[in-house]
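J.: Quick one: the structure is below, and I'll ask about it shortly.
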Amino acid sequence: MNQPQNLEKYRGSYSERGLMKKLATMARKAGVKVVYAVLLLYYALQSPQTSVKDKSIIYGALGYFILPLDLIPDFIPLAGYGDDMGALLLAISRVVANITDEVRAQARLKLRDWFGEYDPEQLSEVDKQK
């Protein structure tokens with residue numbers, strides 16, 4: 001899976017409005033696993049316990065996700081979100097201490113709002129980034 005090594009350089013591409021717009025238009029196409037990874041980072045970003053350094057990593061990963069043209073453009077079927085997922089998983093692995101049970105619960109609740117019932121096993125790849 002291709003992924004940018006220096007996520008922080010994408011932090012200027014992050015905005016909450018841009019993230020929510022992308023999720024609203026692409027959530028179904030990106031799938032439960034990608035959206036869950038985005039939501040984990042988003043809710044960790046909201047936590048006052050998340051350090052400035054970790055927030056920088058999260059901003060970078062979410063900024064990369066928002067960008068329409070990246071290593072593999074999102075419009076390419078099947079592969080389009082592969083690089084995004086790689087960047088998201090890299091960020092999660094680097095800020096995993098901020099992915100609390102509360103953050104996971106918030107992300108899963110939002111997933112249920114957007115996707116209805118889903119197979120929790122789909123989230124196992126993301127959750128194993130401990």
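Residues are referred to by chain and number: the chain letter is A, B, ... according to the order shown in the structure tokens, the number counts from 1 in that chain, and ligands are numbered separately from 1 in the order shown.
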Run DSSP on the backbone and grab whatever in chain A lands in helix (DSSP H, G or I); send it over as a ChimeraX atom specification.
T.: /A:7-13,16-30,32-46,52-66,82-94,96-98,101-115,120-127
J.: Contacts of A:Val34 at 12 Å or less, counting only C-alpha atoms, minus same-chain residues fewer than 2 places along, as an mmCIF file with N, CA and C atoms, in the first residue's frame?
T.:
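Final output, saved to part-v2.cif:
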data_model
loop_
_atom_site.group_PDB
_atom_site.id
_atom_site.type_symbol
_atom_site.label_atom_id
_atom_site.label_comp_id
_atom_site.auth_asym_id
_atom_site.auth_seq_id
_atom_site.Cartn_x
_atom_site.Cartn_y
_atom_site.Cartn_z
ATOM 1 N N LEU A 23 -16.422 13.326 3.337
ATOM 2 C CA LEU A 23 -17.103 12.169 3.909
ATOM 3 C C LEU A 23 -18.545 12.077 3.424
ATOM 4 N N MET A 26 -18.321 10.879 -0.276
ATOM 5 C CA MET A 26 -17.562 9.689 -0.632
ATOM 6 C C MET A 26 -17.653 8.528 0.361
ATOM 7 N N ALA A 27 -18.411 8.672 1.432
ATOM 8 C CA ALA A 27 -18.422 7.658 2.490
ATOM 9 C C ALA A 27 -18.776 6.269 1.962
ATOM 10 N N ARG A 28 -19.831 6.156 1.223
ATOM 11 C CA ARG A 28 -20.247 4.835 0.711
ATOM 12 C C ARG A 28 -19.192 4.249 -0.215
ATOM 13 N N LYS A 29 -18.652 5.074 -1.088
ATOM 14 C CA LYS A 29 -17.643 4.599 -2.035
ATOM 15 C C LYS A 29 -16.356 4.204 -1.314
ATOM 16 N N ALA A 30 -15.940 4.982 -0.322
ATOM 17 C CA ALA A 30 -14.712 4.693 0.413
ATOM 18 C C ALA A 30 -14.872 3.460 1.284
ATOM 19 N N GLY A 31 -16.046 3.261 1.854
ATOM 20 C CA GLY A 31 -16.331 2.078 2.644
ATOM 21 C C GLY A 31 -16.178 2.287 4.142
ATOM 22 N N VAL A 32 -16.728 1.342 4.879
ATOM 23 C CA VAL A 32 -16.776 1.405 6.337
ATOM 24 C C VAL A 32 -15.376 1.505 6.941
ATOM 25 N N TYR A 36 -14.172 4.637 9.108
ATOM 26 C CA TYR A 36 -13.868 4.393 10.524
ATOM 27 C C TYR A 36 -12.492 4.955 10.881
ATOM 28 N N ALA A 37 -11.504 4.716 10.045
ATOM 29 C CA ALA A 37 -10.157 5.247 10.298
ATOM 30 C C ALA A 37 -10.185 6.775 10.349
ATOM 31 N N VAL A 38 -10.903 7.397 9.427
ATOM 32 C CA VAL A 38 -11.036 8.859 9.420
ATOM 33 C C VAL A 38 -11.688 9.332 10.714
ATOM 34 N N LEU A 39 -12.758 8.664 11.115
ATOM 35 C CA LEU A 39 -13.478 9.077 12.321
ATOM 36 C C LEU A 39 -12.642 8.893 13.583
ATOM 37 N N LEU A 40 -11.848 7.829 13.655
ATOM 38 C CA LEU A 40 -10.962 7.650 14.807
ATOM 39 C C LEU A 40 -10.017 8.839 14.939
ATOM 40 N N LEU A 41 -9.423 9.219 13.819
ATOM 41 C CA LEU A 41 -8.502 10.356 13.850
ATOM 42 C C LEU A 41 -9.234 11.654 14.154
ATOM 43 N N LEU A 62 -5.495 13.537 7.712
ATOM 44 C CA LEU A 62 -6.823 13.951 7.258
ATOM 45 C C LEU A 62 -6.728 14.915 6.077
ATOM 46 N N PHE A 65 -6.226 12.786 3.102
ATOM 47 C CA PHE A 65 -7.493 12.161 2.733
ATOM 48 C C PHE A 65 -8.375 13.131 1.951
ATOM 49 N N GLY A 80 -8.336 3.388 -5.524
ATOM 50 C CA GLY A 80 -8.360 4.818 -5.247
ATOM 51 C C GLY A 80 -8.226 5.221 -3.797
ATOM 52 N N TYR A 81 -8.726 4.402 -2.900
ATOM 53 C CA TYR A 81 -8.619 4.735 -1.481
ATOM 54 C C TYR A 81 -7.521 3.945 -0.776
ATOM 55 N N GLY A 82 -6.776 3.151 -1.510
ATOM 56 C CA GLY A 82 -5.696 2.355 -0.919
ATOM 57 C C GLY A 82 -4.605 3.212 -0.304
ATOM 58 N N ASP A 83 -4.187 4.254 -1.006
ATOM 59 C CA ASP A 83 -3.144 5.122 -0.450
ATOM 60 C C ASP A 83 -3.682 5.945 0.712
ATOM 61 N N ASP A 84 -4.960 6.337 0.622
ATOM 62 C CA ASP A 84 -5.572 7.061 1.738
ATOM 63 C C ASP A 84 -5.589 6.172 2.983
ATOM 64 N N MET A 85 -5.982 4.909 2.800
ATOM 65 C CA MET A 85 -6.032 3.994 3.928
ATOM 66 C C MET A 85 -4.631 3.792 4.507
ATOM 67 N N GLY A 86 -3.634 3.701 3.650
ATOM 68 C CA GLY A 86 -2.257 3.572 4.130
ATOM 69 C C GLY A 86 -1.843 4.757 4.984
ATOM 70 N N ALA A 87 -2.165 5.957 4.529
ATOM 71 C CA ALA A 87 -1.829 7.163 5.296
ATOM 72 C C ALA A 87 -2.595 7.209 6.608
ATOM 73 N N LEU A 88 -3.868 6.821 6.574
ATOM 74 C CA LEU A 88 -4.684 6.818 7.789
ATOM 75 C C LEU A 88 -4.156 5.813 8.811
ATOM 76 N N LEU A 89 -3.816 4.606 8.341
ATOM 77 C CA LEU A 89 -3.290 3.575 9.246
ATOM 78 C C LEU A 89 -1.930 3.974 9.807
ATOM 79 N N ILE A 92 -2.698 6.477 12.508
ATOM 80 C CA ILE A 92 -3.267 5.803 13.681
ATOM 81 C C ILE A 92 -2.172 5.089 14.459
ATOM 82 N N ALA A 107 -16.649 6.917 17.150
ATOM 83 C CA ALA A 107 -16.499 6.575 15.735
ATOM 84 C C ALA A 107 -17.509 5.502 15.326
ATOM 85 N N LEU A 111 -20.520 5.746 12.603
ATOM 86 C CA LEU A 111 -20.614 4.757 11.516
ATOM 87 C C LEU A 111 -22.029 4.206 11.428
ATOM 88 N N GLN A 122 -15.231 -5.868 9.984
ATOM 89 C CA GLN A 122 -14.637 -4.999 8.970
ATOM 90 C C GLN A 122 -13.671 -3.994 9.589
ATOM 91 N N LEU A 123 -13.829 -3.722 10.870
ATOM 92 C CA LEU A 123 -13.023 -2.708 11.536
ATOM 93 C C LEU A 123 -11.759 -3.285 12.167
ATOM 94 N N SER A 124 -11.605 -4.596 12.119
ATOM 95 C CA SER A 124 -10.503 -5.247 12.833
ATOM 96 C C SER A 124 -9.122 -4.802 12.325
ATOM 97 N N GLU A 125 -8.961 -4.592 11.022
ATOM 98 C CA GLU A 125 -7.661 -4.141 10.499
ATOM 99 C C GLU A 125 -7.281 -2.783 11.074
ATOM 100 N N VAL A 126 -8.257 -1.931 11.227
ATOM 101 C CA VAL A 126 -7.994 -0.598 11.774
ATOM 102 C C VAL A 126 -7.730 -0.687 13.273
ATOM 103 N N ASP A 127 -8.533 -1.467 13.972
ATOM 104 C CA ASP A 127 -8.399 -1.579 15.426
ATOM 105 C C ASP A 127 -7.116 -2.278 15.861
#
J.: Kindly give the distance, in Å, that separates atom CA of A:Leu19 and atom CA of A:Tyr42, rounded to a single decimal.
T.: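 Those two atoms sit 9.1 Å apart.
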